[in-house]
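Asks: My structure is in protein-v8.pdb, and what it holds is PDB, N, CA and C atoms:
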```pdb
MODEL        1
ATOM      1  N   ARG A 588     -86.763 -96.526  69.177
ATOM      2  CA  ARG A 588     -85.726 -97.466  68.778
ATOM      3  C   ARG A 588     -84.667 -97.579  69.862
ATOM      4  N   GLU A 589     -84.620 -98.752  70.451
ATOM      5  CA  GLU A 589     -83.694 -99.029  71.557
ATOM      6  C   GLU A 589     -82.233 -98.837  71.157
ATOM      7  N   SER A 590     -81.843 -99.334  69.982
ATOM      8  CA  SER A 590     -80.440 -99.247  69.578
ATOM      9  C   SER A 590     -80.000 -97.790  69.417
ATOM     10  N   ARG A 591     -80.876 -96.932  68.925
ATOM     11  CA  ARG A 591     -80.533 -95.509  68.765
ATOM     12  C   ARG A 591     -80.268 -94.856  70.110
ATOM     13  N   ARG A 592     -81.038 -95.294  71.103
ATOM     14  CA  ARG A 592     -80.856 -94.766  72.455
ATOM     15  C   ARG A 592     -79.428 -95.020  72.948
ATOM     16  N   TYR A 593     -78.932 -96.233  72.707
ATOM     17  CA  TYR A 593     -77.589 -96.571  73.163
ATOM     18  C   TYR A 593     -76.518 -95.908  72.305
ATOM     19  N   GLU A 594     -76.809 -95.686  71.059
ATOM     20  CA  GLU A 594     -75.885 -94.935  70.200
ATOM     21  C   GLU A 594     -75.734 -93.513  70.714
ATOM     22  N   LEU A 595     -76.835 -92.887  71.115
ATOM     23  CA  LEU A 595     -76.785 -91.530  71.653
ATOM     24  C   LEU A 595     -76.000 -91.482  72.957
ATOM     25  N   ARG A 596     -76.204 -92.478  73.784
ATOM     26  CA  ARG A 596     -75.452 -92.541  75.038
ATOM     27  C   ARG A 596     -73.962 -92.706  74.772
ATOM     28  N   ALA A 597     -73.627 -93.573  73.824
ATOM     29  CA  ALA A 597     -72.226 -93.786  73.483
ATOM     30  C   ALA A 597     -71.596 -92.497  72.959
ATOM     31  N   GLU A 598     -72.347 -91.744  72.162
ATOM     32  CA  GLU A 598     -71.857 -90.461  71.642
ATOM     33  C   GLU A 598     -71.591 -89.485  72.788
ATOM     34  N   MET A 599     -72.487 -89.474  73.770
ATOM     35  CA  MET A 599     -72.306 -88.595  74.920
ATOM     36  C   MET A 599     -71.048 -88.994  75.692
ATOM     37  N   PHE A 600     -70.893 -90.297  75.965
ATOM     38  CA  PHE A 600     -69.718 -90.738  76.710
ATOM     39  C   PHE A 600     -68.432 -90.482  75.927
ATOM     40  N   LYS A 601     -68.491 -90.611  74.632
ATOM     41  CA  LYS A 601     -67.332 -90.311  73.792
ATOM     42  C   LYS A 601     -66.945 -88.830  73.945
ATOM     43  N   ALA A 602     -67.939 -87.964  73.955
ATOM     44  CA  ALA A 602     -67.674 -86.531  74.121
ATOM     45  C   ALA A 602     -67.089 -86.236  75.494
ATOM     46  N   LEU A 603     -67.422 -87.050  76.481
ATOM     47  CA  LEU A 603     -66.917 -86.855  77.836
ATOM     48  C   LEU A 603     -65.536 -87.476  78.053
ATOM     49  N   SER A 604     -65.001 -88.134  77.040
ATOM     50  CA  SER A 604     -63.795 -88.938  77.221
ATOM     51  C   SER A 604     -62.479 -88.183  77.059
ATOM     52  N   HIS A 605     -62.520 -86.871  77.064
ATOM     53  CA  HIS A 605     -61.278 -86.101  76.933
ATOM     54  C   HIS A 605     -61.149 -85.124  78.103
ATOM     55  N   PRO A 606     -59.989 -85.079  78.756
ATOM     56  CA  PRO A 606     -59.817 -84.197  79.914
ATOM     57  C   PRO A 606     -60.121 -82.721  79.631
ATOM     58  N   THR A 607     -59.737 -82.233  78.464
ATOM     59  CA  THR A 607     -59.996 -80.823  78.138
ATOM     60  C   THR A 607     -61.493 -80.565  78.028
ATOM     61  N   ARG A 608     -62.228 -81.502  77.429
ATOM     62  CA  ARG A 608     -63.673 -81.317  77.321
ATOM     63  C   ARG A 608     -64.334 -81.349  78.694
ATOM     64  N   LEU A 609     -63.850 -82.210  79.580
ATOM     65  CA  LEU A 609     -64.386 -82.241  80.943
ATOM     66  C   LEU A 609     -64.114 -80.925  81.666
ATOM     67  N   LEU A 610     -62.910 -80.393  81.489
ATOM     68  CA  LEU A 610     -62.578 -79.104  82.095
ATOM     69  C   LEU A 610     -63.476 -78.003  81.533
ATOM     70  N   MET A 611     -63.695 -78.028  80.234
ATOM     71  CA  MET A 611     -64.583 -77.032  79.612
ATOM     72  C   MET A 611     -65.987 -77.119  80.206
ATOM     73  N   LEU A 612     -66.483 -78.323  80.377
ATOM     74  CA  LEU A 612     -67.815 -78.485  80.966
ATOM     75  C   LEU A 612     -67.851 -77.923  82.381
ATOM     76  N   GLU A 613     -66.799 -78.165  83.150
ATOM     77  CA  GLU A 613     -66.728 -77.606  84.506
ATOM     78  C   GLU A 613     -66.784 -76.077  84.468
ATOM     79  N   LYS A 614     -66.045 -75.488  83.535
ATOM     80  CA  LYS A 614     -66.049 -74.021  83.409
ATOM     81  C   LYS A 614     -67.426 -73.523  82.982
ATOM     82  N   LEU A 615     -68.075 -74.272  82.086
ATOM     83  CA  LEU A 615     -69.395 -73.869  81.591
ATOM     84  C   LEU A 615     -70.492 -74.078  82.635
ATOM     85  N   ARG A 616     -70.199 -74.802  83.699
ATOM     86  CA  ARG A 616     -71.184 -74.982  84.772
ATOM     87  C   ARG A 616     -71.525 -73.630  85.416
ATOM     88  N   ASP A 617     -70.527 -72.789  85.538
ATOM     89  CA  ASP A 617     -70.700 -71.519  86.253
ATOM     90  C   ASP A 617     -71.271 -70.385  85.411
ATOM     91  N   ARG A 618     -70.925 -70.388  84.124
ATOM     92  CA  ARG A 618     -71.391 -69.291  83.262
ATOM     93  C   ARG A 618     -71.151 -69.621  81.803
ATOM     94  N   SER A 619     -71.703 -68.800  80.931
ATOM     95  CA  SER A 619     -71.456 -68.934  79.491
ATOM     96  C   SER A 619     -70.088 -68.342  79.164
ATOM     97  N   TRP A 620     -69.464 -68.899  78.136
ATOM     98  CA  TRP A 620     -68.150 -68.418  77.698
ATOM     99  C   TRP A 620     -68.130 -68.334  76.178
ATOM    100  N   CYS A 621     -67.386 -67.361  75.656
ATOM    101  CA  CYS A 621     -67.107 -67.365  74.222
ATOM    102  C   CYS A 621     -65.881 -68.259  74.022
ATOM    103  N   VAL A 622     -65.687 -68.749  72.825
ATOM    104  CA  VAL A 622     -64.618 -69.708  72.561
ATOM    105  C   VAL A 622     -63.242 -69.128  72.866
ATOM    106  N   CYS A 623     -63.026 -67.864  72.576
ATOM    107  CA  CYS A 623     -61.697 -67.278  72.812
ATOM    108  C   CYS A 623     -61.382 -67.204  74.301
ATOM    109  N   GLU A 624     -62.366 -66.832  75.117
ATOM    110  CA  GLU A 624     -62.164 -66.771  76.576
ATOM    111  C   GLU A 624     -61.931 -68.177  77.135
ATOM    112  N   LEU A 625     -62.754 -69.114  76.695
ATOM    113  CA  LEU A 625     -62.668 -70.473  77.204
ATOM    114  C   LEU A 625     -61.340 -71.117  76.806
ATOM    115  N   ALA A 626     -60.895 -70.853  75.588
ATOM    116  CA  ALA A 626     -59.606 -71.380  75.134
ATOM    117  C   ALA A 626     -58.483 -70.894  76.049
ATOM    118  N   THR A 627     -58.483 -69.608  76.351
ATOM    119  CA  THR A 627     -57.469 -69.045  77.243
ATOM    120  C   THR A 627     -57.585 -69.650  78.636
ATOM    121  N   GLU A 628     -58.794 -69.770  79.122
ATOM    122  CA  GLU A 628     -59.050 -70.296  80.465
ATOM    123  C   GLU A 628     -58.544 -71.730  80.640
ATOM    124  N   VAL A 629     -58.711 -72.559  79.617
ATOM    125  CA  VAL A 629     -58.282 -73.963  79.740
ATOM    126  C   VAL A 629     -56.895 -74.209  79.135
ATOM    127  N   GLY A 630     -56.300 -73.185  78.531
ATOM    128  CA  GLY A 630     -54.929 -73.279  78.048
ATOM    129  C   GLY A 630     -54.737 -74.006  76.731
ATOM    130  N   VAL A 631     -55.664 -73.789  75.793
ATOM    131  CA  VAL A 631     -55.519 -74.387  74.461
ATOM    132  C   VAL A 631     -55.711 -73.303  73.404
ATOM    133  N   GLU A 632     -55.310 -73.615  72.171
ATOM    134  CA  GLU A 632     -55.535 -72.703  71.060
ATOM    135  C   GLU A 632     -57.028 -72.599  70.778
ATOM    136  N   LYS A 633     -57.430 -71.482  70.212
ATOM    137  CA  LYS A 633     -58.845 -71.256  69.898
ATOM    138  C   LYS A 633     -59.390 -72.344  68.964
ATOM    139  N   SER A 634     -58.597 -72.751  67.980
ATOM    140  CA  SER A 634     -59.060 -73.778  67.034
ATOM    141  C   SER A 634     -59.274 -75.121  67.737
ATOM    142  N   VAL A 635     -58.421 -75.440  68.698
ATOM    143  CA  VAL A 635     -58.560 -76.678  69.473
ATOM    144  C   VAL A 635     -59.819 -76.604  70.329
ATOM    145  N   ALA A 636     -60.016 -75.456  70.976
ATOM    146  CA  ALA A 636     -61.221 -75.255  71.798
ATOM    147  C   ALA A 636     -62.475 -75.393  70.946
ATOM    148  N   SER A 637     -62.447 -74.832  69.761
ATOM    149  CA  SER A 637     -63.608 -74.917  68.859
ATOM    150  C   SER A 637     -63.945 -76.363  68.517
ATOM    151  N   LYS A 638     -62.928 -77.166  68.260
ATOM    152  CA  LYS A 638     -63.166 -78.575  67.936
ATOM    153  C   LYS A 638     -63.780 -79.315  69.124
ATOM    154  N   HIS A 639     -63.257 -79.059  70.309
ATOM    155  CA  HIS A 639     -63.804 -79.691  71.505
ATOM    156  C   HIS A 639     -65.256 -79.254  71.736
ATOM    157  N   LEU A 640     -65.510 -77.967  71.586
ATOM    158  CA  LEU A 640     -66.865 -77.450  71.783
ATOM    159  C   LEU A 640     -67.828 -78.034  70.753
ATOM    160  N   SER A 641     -67.340 -78.222  69.557
ATOM    161  CA  SER A 641     -68.168 -78.819  68.510
ATOM    162  C   SER A 641     -68.595 -80.234  68.890
ATOM    163  N   GLN A 642     -67.682 -81.008  69.446
ATOM    164  CA  GLN A 642     -68.016 -82.370  69.876
ATOM    165  C   GLN A 642     -69.030 -82.356  71.011
ATOM    166  N   LEU A 643     -68.835 -81.449  71.954
ATOM    167  CA  LEU A 643     -69.763 -81.349  73.082
ATOM    168  C   LEU A 643     -71.147 -80.915  72.622
ATOM    169  N   LYS A 644     -71.177 -80.022  71.647
ATOM    170  CA  LYS A 644     -72.464 -79.569  71.107
ATOM    171  C   LYS A 644     -73.145 -80.683  70.329
ATOM    172  N   SER A 645     -72.380 -81.396  69.526
ATOM    173  CA  SER A 645     -72.928 -82.498  68.742
ATOM    174  C   SER A 645     -73.550 -83.565  69.640
ATOM    175  N   ALA A 646     -72.952 -83.766  70.812
ATOM    176  CA  ALA A 646     -73.467 -84.748  71.769
ATOM    177  C   ALA A 646     -74.669 -84.218  72.546
ATOM    178  N   GLY A 647     -74.963 -82.922  72.381
ATOM    179  CA  GLY A 647     -76.121 -82.342  73.059
ATOM    180  C   GLY A 647     -75.853 -81.868  74.471
ATOM    181  N   LEU A 648     -74.582 -81.789  74.855
ATOM    182  CA  LEU A 648     -74.237 -81.402  76.218
ATOM    183  C   LEU A 648     -74.174 -79.889  76.416
ATOM    184  N   ILE A 649     -73.883 -79.177  75.338
ATOM    185  CA  ILE A 649     -73.832 -77.714  75.391
ATOM    186  C   ILE A 649     -74.637 -77.144  74.230
ATOM    187  N   ASP A 650     -74.887 -75.860  74.320
ATOM    188  CA  ASP A 650     -75.559 -75.146  73.239
ATOM    189  C   ASP A 650     -74.824 -73.833  73.049
ATOM    190  N   ASP A 651     -75.079 -73.180  71.938
ATOM    191  CA  ASP A 651     -74.445 -71.886  71.706
ATOM    192  C   ASP A 651     -75.482 -70.846  71.324
ATOM    193  N   GLU A 652     -75.092 -69.590  71.528
ATOM    194  CA  GLU A 652     -75.967 -68.464  71.209
ATOM    195  C   GLU A 652     -75.109 -67.309  70.713
ATOM    196  N   LYS A 653     -75.501 -66.755  69.594
ATOM    197  CA  LYS A 653     -74.754 -65.631  69.028
ATOM    198  C   LYS A 653     -75.074 -64.364  69.807
ATOM    199  N   ARG A 654     -74.031 -63.662  70.218
ATOM    200  CA  ARG A 654     -74.174 -62.383  70.923
ATOM    201  C   ARG A 654     -73.290 -61.371  70.214
ATOM    202  N   GLY A 655     -73.911 -60.588  69.376
ATOM    203  CA  GLY A 655     -73.139 -59.649  68.563
ATOM    204  C   GLY A 655     -72.272 -60.419  67.601
ATOM    205  N   THR A 656     -70.964 -60.189  67.690
ATOM    206  CA  THR A 656     -70.041 -60.881  66.792
ATOM    207  C   THR A 656     -69.490 -62.164  67.404
ATOM    208  N   GLN A 657     -69.823 -62.425  68.662
ATOM    209  CA  GLN A 657     -69.295 -63.612  69.336
ATOM    210  C   GLN A 657     -70.371 -64.666  69.536
ATOM    211  N   VAL A 658     -69.909 -65.889  69.692
ATOM    212  CA  VAL A 658     -70.798 -67.006  70.009
ATOM    213  C   VAL A 658     -70.468 -67.444  71.427
ATOM    214  N   GLU A 659     -71.493 -67.501  72.268
ATOM    215  CA  GLU A 659     -71.296 -67.941  73.645
ATOM    216  C   GLU A 659     -71.837 -69.346  73.811
ATOM    217  N   TYR A 660     -71.099 -70.152  74.551
ATOM    218  CA  TYR A 660     -71.477 -71.532  74.807
ATOM    219  C   TYR A 660     -71.967 -71.655  76.234
ATOM    220  N   ARG A 661     -72.972 -72.528  76.416
ATOM    221  CA  ARG A 661     -73.499 -72.754  77.760
ATOM    222  C   ARG A 661     -73.786 -74.236  77.940
ATOM    223  N   LEU A 662     -73.692 -74.678  79.168
ATOM    224  CA  LEU A 662     -73.942 -76.066  79.523
ATOM    225  C   LEU A 662     -75.448 -76.293  79.621
ATOM    226  N   VAL A 663     -75.951 -77.303  78.940
ATOM    227  CA  VAL A 663     -77.384 -77.611  78.998
ATOM    228  C   VAL A 663     -77.655 -78.913  79.747
ATOM    229  N   ALA A 664     -76.602 -79.645  80.104
ATOM    230  CA  ALA A 664     -76.775 -80.918  80.813
ATOM    231  C   ALA A 664     -75.829 -80.972  82.018
ATOM    232  N   PRO A 665     -76.053 -80.120  83.021
ATOM    233  CA  PRO A 665     -75.149 -80.121  84.174
ATOM    234  C   PRO A 665     -75.142 -81.448  84.931
ATOM    235  N   CYS A 666     -76.161 -82.257  84.725
ATOM    236  CA  CYS A 666     -76.225 -83.561  85.404
ATOM    237  C   CYS A 666     -75.055 -84.454  85.019
ATOM    238  N   VAL A 667     -74.432 -84.252  83.857
ATOM    239  CA  VAL A 667     -73.293 -85.100  83.480
ATOM    240  C   VAL A 667     -72.109 -84.861  84.411
ATOM    241  N   LEU A 668     -71.989 -83.649  84.928
ATOM    242  CA  LEU A 668     -70.912 -83.368  85.869
ATOM    243  C   LEU A 668     -71.196 -84.028  87.212
ATOM    244  N   ASP A 669     -72.463 -84.047  87.616
ATOM    245  CA  ASP A 669     -72.840 -84.747  88.851
ATOM    246  C   ASP A 669     -72.537 -86.230  88.712
ATOM    247  N   MET A 670     -72.880 -86.787  87.553
ATOM    248  CA  MET A 670     -72.618 -88.198  87.287
ATOM    249  C   MET A 670     -71.114 -88.477  87.330
ATOM    250  N   ALA A 671     -70.322 -87.599  86.735
ATOM    251  CA  ALA A 671     -68.869 -87.781  86.707
ATOM    252  C   ALA A 671     -68.299 -87.749  88.127
ATOM    253  N   GLU A 672     -68.784 -86.829  88.952
ATOM    254  CA  GLU A 672     -68.309 -86.731  90.332
ATOM    255  C   GLU A 672     -68.704 -87.971  91.127
ATOM    256  N   CYS A 673     -69.918 -88.439  90.951
ATOM    257  CA  CYS A 673     -70.396 -89.646  91.628
ATOM    258  C   CYS A 673     -69.551 -90.851  91.222
ATOM    259  N   THR A 674     -69.326 -90.997  89.937
ATOM    260  CA  THR A 674     -68.538 -92.117  89.421
ATOM    261  C   THR A 674     -67.104 -92.051  89.917
ATOM    262  N   GLU A 675     -66.546 -90.843  89.942
ATOM    263  CA  GLU A 675     -65.177 -90.674  90.422
ATOM    264  C   GLU A 675     -65.057 -91.102  91.885
ATOM    265  N   ARG A 676     -65.996 -90.662  92.726
ATOM    266  CA  ARG A 676     -65.970 -91.044  94.140
ATOM    267  C   ARG A 676     -66.068 -92.564  94.300
ATOM    268  N   ALA A 677     -67.021 -93.180  93.604
ATOM    269  CA  ALA A 677     -67.226 -94.623  93.718
ATOM    270  C   ALA A 677     -66.000 -95.387  93.220
ATOM    271  N   THR A 678     -65.427 -94.958  92.118
ATOM    272  CA  THR A 678     -64.261 -95.628  91.550
ATOM    273  C   THR A 678     -63.057 -95.517  92.481
ATOM    274  N   LEU A 679     -62.816 -94.327  93.012
ATOM    275  CA  LEU A 679     -61.682 -94.141  93.916
ATOM    276  C   LEU A 679     -61.854 -94.959  95.190
ATOM    277  N   GLU A 680     -63.062 -95.007  95.697
ATOM    278  CA  GLU A 680     -63.341 -95.810  96.892
ATOM    279  C   GLU A 680     -63.102 -97.294  96.599
ATOM    280  N   ASN A 681     -63.554 -97.765  95.460
ATOM    281  CA  ASN A 681     -63.347 -99.159  95.076
ATOM    282  C   ASN A 681     -61.853 -99.470  94.932
ATOM    283  N   ARG A 682     -61.112 -98.577  94.330
ATOM    284  CA  ARG A 682     -59.665 -98.788  94.182
ATOM    285  C   ARG A 682     -58.981 -98.824  95.546
ATOM    286  N   ARG A 683     -59.423 -97.920  96.432
ATOM    287  CA  ARG A 683     -58.846 -97.871  97.776
ATOM    288  C   ARG A 683     -59.096 -99.193  98.504
ATOM    289  N   LYS A 684     -60.303 -99.718  98.394
ATOM    290  CA  LYS A 684     -60.654-100.993  99.055
ATOM    291  C   LYS A 684     -59.819-102.144  98.482
ATOM    292  N   ARG A 685     -59.653-102.159  97.157
ATOM    293  CA  ARG A 685     -58.860-103.221  96.539
ATOM    294  C   ARG A 685     -57.402-103.159  96.993
ATOM    295  N   LEU A 686     -56.890-101.951  97.129
ATOM    296  CA  LEU A 686     -55.515-101.767  97.599
ATOM    297  C   LEU A 686     -55.373-102.286  99.024
ATOM    298  N   GLN A 687     -56.344-101.980  99.875
ATOM    299  CA  GLN A 687     -56.288-102.438 101.268
ATOM    300  C   GLN A 687     -56.328-103.960 101.332
ATOM    301  N   VAL A 688     -57.186-104.575 100.542
ATOM    302  CA  VAL A 688     -57.266-106.041 100.528
ATOM    303  C   VAL A 688     -55.930-106.614 100.064
ATOM    304  N   GLY A 689     -55.352-106.025  99.061
ATOM    305  CA  GLY A 689     -54.055-106.495  98.553
ATOM    306  C   GLY A 689     -52.960-106.359  99.578
ATOM    307  N   LEU A 690     -53.005-105.330 100.409
ATOM    308  CA  LEU A 690     -51.986-105.123 101.434
ATOM    309  C   LEU A 690     -52.177-106.072 102.603
ATOM    310  N   GLU A 691     -53.411-106.513 102.834
ATOM    311  CA  GLU A 691     -53.701-107.375 103.979
ATOM    312  C   GLU A 691     -53.349-108.829 103.702
ATOM    313  N   THR A 692     -53.246-109.209 102.445
ATOM    314  CA  THR A 692     -52.978-110.618 102.153
ATOM    315  C   THR A 692     -51.512-110.927 102.089
TER     316      THR A 692
ENDMDL
END
```
Before we go any further, please render this structure as structure tokens.

Replies:
Amino acid sequence: RESRRYELRAEMFKALSHPTRLLMLEKLRDRSWCVCELATEVGVEKSVASKHLSQLKSAGLIDDEKRGTQVEYRLVAPCVLDMAECTERATLENRRKRLQVGLET
């Protein structure tokens, strides 16, 4: 079903649309984190971190695994960070070019 495919993509982009979630994904690129450590690392309350992680998990970008009494989260789609970096470079370059054209006229 084609429409479901685009719904899933929209859900993924929605999960990527918050700066804290992007920072969490960057942190999860290097290693697994429990919610309490990750919350401290990104500077938010544990409950806020849990909500963000829940959205990322629902979108399929991360997964979790119980380790003793803690749950550790890990990144399962590191390609989204590559895509974000590529898009950021292209967007900044485009903005720079538009600024130069505006200054030349």

Asks: Counting all atoms listed in the file, I want the residues whose atoms come within 7 Å of (-61.9, -75.1, 82.2) in the file frame, returned as a ChimeraX atom specification.

Replies: /A:607,609-615,625,628-630

Asks: Could you please determine the separation between atom N of A:Leu595 and atom N of A:Gln642 in Å, to one decimal place?

Replies: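 The value is 15.1 Å.
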
Asks: Name the residues in contact with stretch 644-649 of chain A at a cut-off of 12 Å, using only C-alpha atoms, excluding same-chain residues fewer than 4 positions from it; report them as a PyMOL selection string.

Replies: chain A and resi 594-604+608-609+611-616+618-620+637-640+659-668

Asks: Those same residues - N, CA and C atoms - I'd like them written as a JSON list (two decimals), in the coordinates of the input.

Replies:
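Printed below is selection_12.json as written:
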```
[["chain", "number", "residue", "atom", "x", "y", "z"],
["A", 594, "GLU", "N", -76.81, -95.69, 71.06],
["A", 594, "GLU", "CA", -75.89, -94.94, 70.20],
["A", 594, "GLU", "C", -75.73, -93.51, 70.71],
["A", 595, "LEU", "N", -76.83, -92.89, 71.11],
["A", 595, "LEU", "CA", -76.78, -91.53, 71.65],
["A", 595, "LEU", "C", -76.00, -91.48, 72.96],
["A", 596, "ARG", "N", -76.20, -92.48, 73.78],
["A", 596, "ARG", "CA", -75.45, -92.54, 75.04],
["A", 596, "ARG", "C", -73.96, -92.71, 74.77],
["A", 597, "ALA", "N", -73.63, -93.57, 73.82],
["A", 597, "ALA", "CA", -72.23, -93.79, 73.48],
["A", 597, "ALA", "C", -71.60, -92.50, 72.96],
["A", 598, "GLU", "N", -72.35, -91.74, 72.16],
["A", 598, "GLU", "CA", -71.86, -90.46, 71.64],
["A", 598, "GLU", "C", -71.59, -89.48, 72.79],
["A", 599, "MET", "N", -72.49, -89.47, 73.77],
["A", 599, "MET", "CA", -72.31, -88.60, 74.92],
["A", 599, "MET", "C", -71.05, -88.99, 75.69],
["A", 600, "PHE", "N", -70.89, -90.30, 75.96],
["A", 600, "PHE", "CA", -69.72, -90.74, 76.71],
["A", 600, "PHE", "C", -68.43, -90.48, 75.93],
["A", 601, "LYS", "N", -68.49, -90.61, 74.63],
["A", 601, "LYS", "CA", -67.33, -90.31, 73.79],
["A", 601, "LYS", "C", -66.94, -88.83, 73.94],
["A", 602, "ALA", "N", -67.94, -87.96, 73.96],
["A", 602, "ALA", "CA", -67.67, -86.53, 74.12],
["A", 602, "ALA", "C", -67.09, -86.24, 75.49],
["A", 603, "LEU", "N", -67.42, -87.05, 76.48],
["A", 603, "LEU", "CA", -66.92, -86.86, 77.84],
["A", 603, "LEU", "C", -65.54, -87.48, 78.05],
["A", 604, "SER", "N", -65.00, -88.13, 77.04],
["A", 604, "SER", "CA", -63.80, -88.94, 77.22],
["A", 604, "SER", "C", -62.48, -88.18, 77.06],
["A", 608, "ARG", "N", -62.23, -81.50, 77.43],
["A", 608, "ARG", "CA", -63.67, -81.32, 77.32],
["A", 608, "ARG", "C", -64.33, -81.35, 78.69],
["A", 609, "LEU", "N", -63.85, -82.21, 79.58],
["A", 609, "LEU", "CA", -64.39, -82.24, 80.94],
["A", 609, "LEU", "C", -64.11, -80.92, 81.67],
["A", 611, "MET", "N", -63.70, -78.03, 80.23],
["A", 611, "MET", "CA", -64.58, -77.03, 79.61],
["A", 611, "MET", "C", -65.99, -77.12, 80.21],
["A", 612, "LEU", "N", -66.48, -78.32, 80.38],
["A", 612, "LEU", "CA", -67.82, -78.48, 80.97],
["A", 612, "LEU", "C", -67.85, -77.92, 82.38],
["A", 613, "GLU", "N", -66.80, -78.17, 83.15],
["A", 613, "GLU", "CA", -66.73, -77.61, 84.51],
["A", 613, "GLU", "C", -66.78, -76.08, 84.47],
["A", 614, "LYS", "N", -66.04, -75.49, 83.54],
["A", 614, "LYS", "CA", -66.05, -74.02, 83.41],
["A", 614, "LYS", "C", -67.43, -73.52, 82.98],
["A", 615, "LEU", "N", -68.08, -74.27, 82.09],
["A", 615, "LEU", "CA", -69.40, -73.87, 81.59],
["A", 615, "LEU", "C", -70.49, -74.08, 82.64],
["A", 616, "ARG", "N", -70.20, -74.80, 83.70],
["A", 616, "ARG", "CA", -71.18, -74.98, 84.77],
["A", 616, "ARG", "C", -71.53, -73.63, 85.42],
["A", 618, "ARG", "N", -70.92, -70.39, 84.12],
["A", 618, "ARG", "CA", -71.39, -69.29, 83.26],
["A", 618, "ARG", "C", -71.15, -69.62, 81.80],
["A", 619, "SER", "N", -71.70, -68.80, 80.93],
["A", 619, "SER", "CA", -71.46, -68.93, 79.49],
["A", 619, "SER", "C", -70.09, -68.34, 79.16],
["A", 620, "TRP", "N", -69.46, -68.90, 78.14],
["A", 620, "TRP", "CA", -68.15, -68.42, 77.70],
["A", 620, "TRP", "C", -68.13, -68.33, 76.18],
["A", 637, "SER", "N", -62.45, -74.83, 69.76],
["A", 637, "SER", "CA", -63.61, -74.92, 68.86],
["A", 637, "SER", "C", -63.94, -76.36, 68.52],
["A", 638, "LYS", "N", -62.93, -77.17, 68.26],
["A", 638, "LYS", "CA", -63.17, -78.58, 67.94],
["A", 638, "LYS", "C", -63.78, -79.32, 69.12],
["A", 639, "HIS", "N", -63.26, -79.06, 70.31],
["A", 639, "HIS", "CA", -63.80, -79.69, 71.50],
["A", 639, "HIS", "C", -65.26, -79.25, 71.74],
["A", 640, "LEU", "N", -65.51, -77.97, 71.59],
["A", 640, "LEU", "CA", -66.86, -77.45, 71.78],
["A", 640, "LEU", "C", -67.83, -78.03, 70.75],
["A", 659, "GLU", "N", -71.49, -67.50, 72.27],
["A", 659, "GLU", "CA", -71.30, -67.94, 73.64],
["A", 659, "GLU", "C", -71.84, -69.35, 73.81],
["A", 660, "TYR", "N", -71.10, -70.15, 74.55],
["A", 660, "TYR", "CA", -71.48, -71.53, 74.81],
["A", 660, "TYR", "C", -71.97, -71.66, 76.23],
["A", 661, "ARG", "N", -72.97, -72.53, 76.42],
["A", 661, "ARG", "CA", -73.50, -72.75, 77.76],
["A", 661, "ARG", "C", -73.79, -74.24, 77.94],
["A", 662, "LEU", "N", -73.69, -74.68, 79.17],
["A", 662, "LEU", "CA", -73.94, -76.07, 79.52],
["A", 662, "LEU", "C", -75.45, -76.29, 79.62],
["A", 663, "VAL", "N", -75.95, -77.30, 78.94],
["A", 663, "VAL", "CA", -77.38, -77.61, 79.00],
["A", 663, "VAL", "C", -77.66, -78.91, 79.75],
["A", 664, "ALA", "N", -76.60, -79.64, 80.10],
["A", 664, "ALA", "CA", -76.78, -80.92, 80.81],
["A", 664, "ALA", "C", -75.83, -80.97, 82.02],
["A", 665, "PRO", "N", -76.05, -80.12, 83.02],
["A", 665, "PRO", "CA", -75.15, -80.12, 84.17],
["A", 665, "PRO", "C", -75.14, -81.45, 84.93],
["A", 666, "CYS", "N", -76.16, -82.26, 84.72],
["A", 666, "CYS", "CA", -76.22, -83.56, 85.40],
["A", 666, "CYS", "C", -75.06, -84.45, 85.02],
["A", 667, "VAL", "N", -74.43, -84.25, 83.86],
["A", 667, "VAL", "CA", -73.29, -85.10, 83.48],
["A", 667, "VAL", "C", -72.11, -84.86, 84.41],
["A", 668, "LEU", "N", -71.99, -83.65, 84.93],
["A", 668, "LEU", "CA", -70.91, -83.37, 85.87],
["A", 668, "LEU", "C", -71.20, -84.03, 87.21]]
```

Asks: Looking only at the backbone, which of the residues in stretch 589-649 of chain A does DSSP tag as helix (DSSP H, G or I), as number ranges by chain?

Replies: A: 589-602, 606-617, 622-629, 633-645

Asks: Record the distance separating atom CA of A:Ala677 and atom CA of A:Tyr593, expressed in Å with one decimal.

Replies: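 Taking atom CA of A:Ala677 and atom CA of A:Tyr593, their separation equals 23.1 Å.
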
Asks: Can you pull out every residue within 8 Å of A:Gln657, counting all atoms listed in the file, but drop anything in the same chain fewer than 4 positions away, and send it as a list in words?

Replies: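 Those residues are Trp620, Cys621, Val622, Glu652 and Lys653 of chain A.
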
Asks: Store the residues picked out above, limited to N, CA and C atoms, as a JSON list (two decimals), in the frame of the given file.

Replies:
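What ended up in again-v2.json:
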```
[["chain", "number", "residue", "atom", "x", "y", "z"],
["A", 620, "TRP", "N", -69.46, -68.90, 78.14],
["A", 620, "TRP", "CA", -68.15, -68.42, 77.70],
["A", 620, "TRP", "C", -68.13, -68.33, 76.18],
["A", 621, "CYS", "N", -67.39, -67.36, 75.66],
["A", 621, "CYS", "CA", -67.11, -67.36, 74.22],
["A", 621, "CYS", "C", -65.88, -68.26, 74.02],
["A", 622, "VAL", "N", -65.69, -68.75, 72.82],
["A", 622, "VAL", "CA", -64.62, -69.71, 72.56],
["A", 622, "VAL", "C", -63.24, -69.13, 72.87],
["A", 652, "GLU", "N", -75.09, -69.59, 71.53],
["A", 652, "GLU", "CA", -75.97, -68.46, 71.21],
["A", 652, "GLU", "C", -75.11, -67.31, 70.71],
["A", 653, "LYS", "N", -75.50, -66.76, 69.59],
["A", 653, "LYS", "CA", -74.75, -65.63, 69.03],
["A", 653, "LYS", "C", -75.07, -64.36, 69.81]]
```

Asks: Could you tell me how far atom N of A:Thr674 sits from atom C of A:Gly689, in Å to one decimal place?

Replies: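 Computing it gives 24.4 Å between the two atoms.
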
Asks: Emit as lines of an AutoDock Vina configuration file the padded axis-aligned box for all listed atoms of stretch 631-645 of chain A, 6 Å per side, with centre and edge lengths in Å to one decimal.

Replies:
```
center_x = -64.4
center_y = -77.4
center_z = 71.4
size_x = 30.2
size_y = 24.3
size_z = 20.8
```
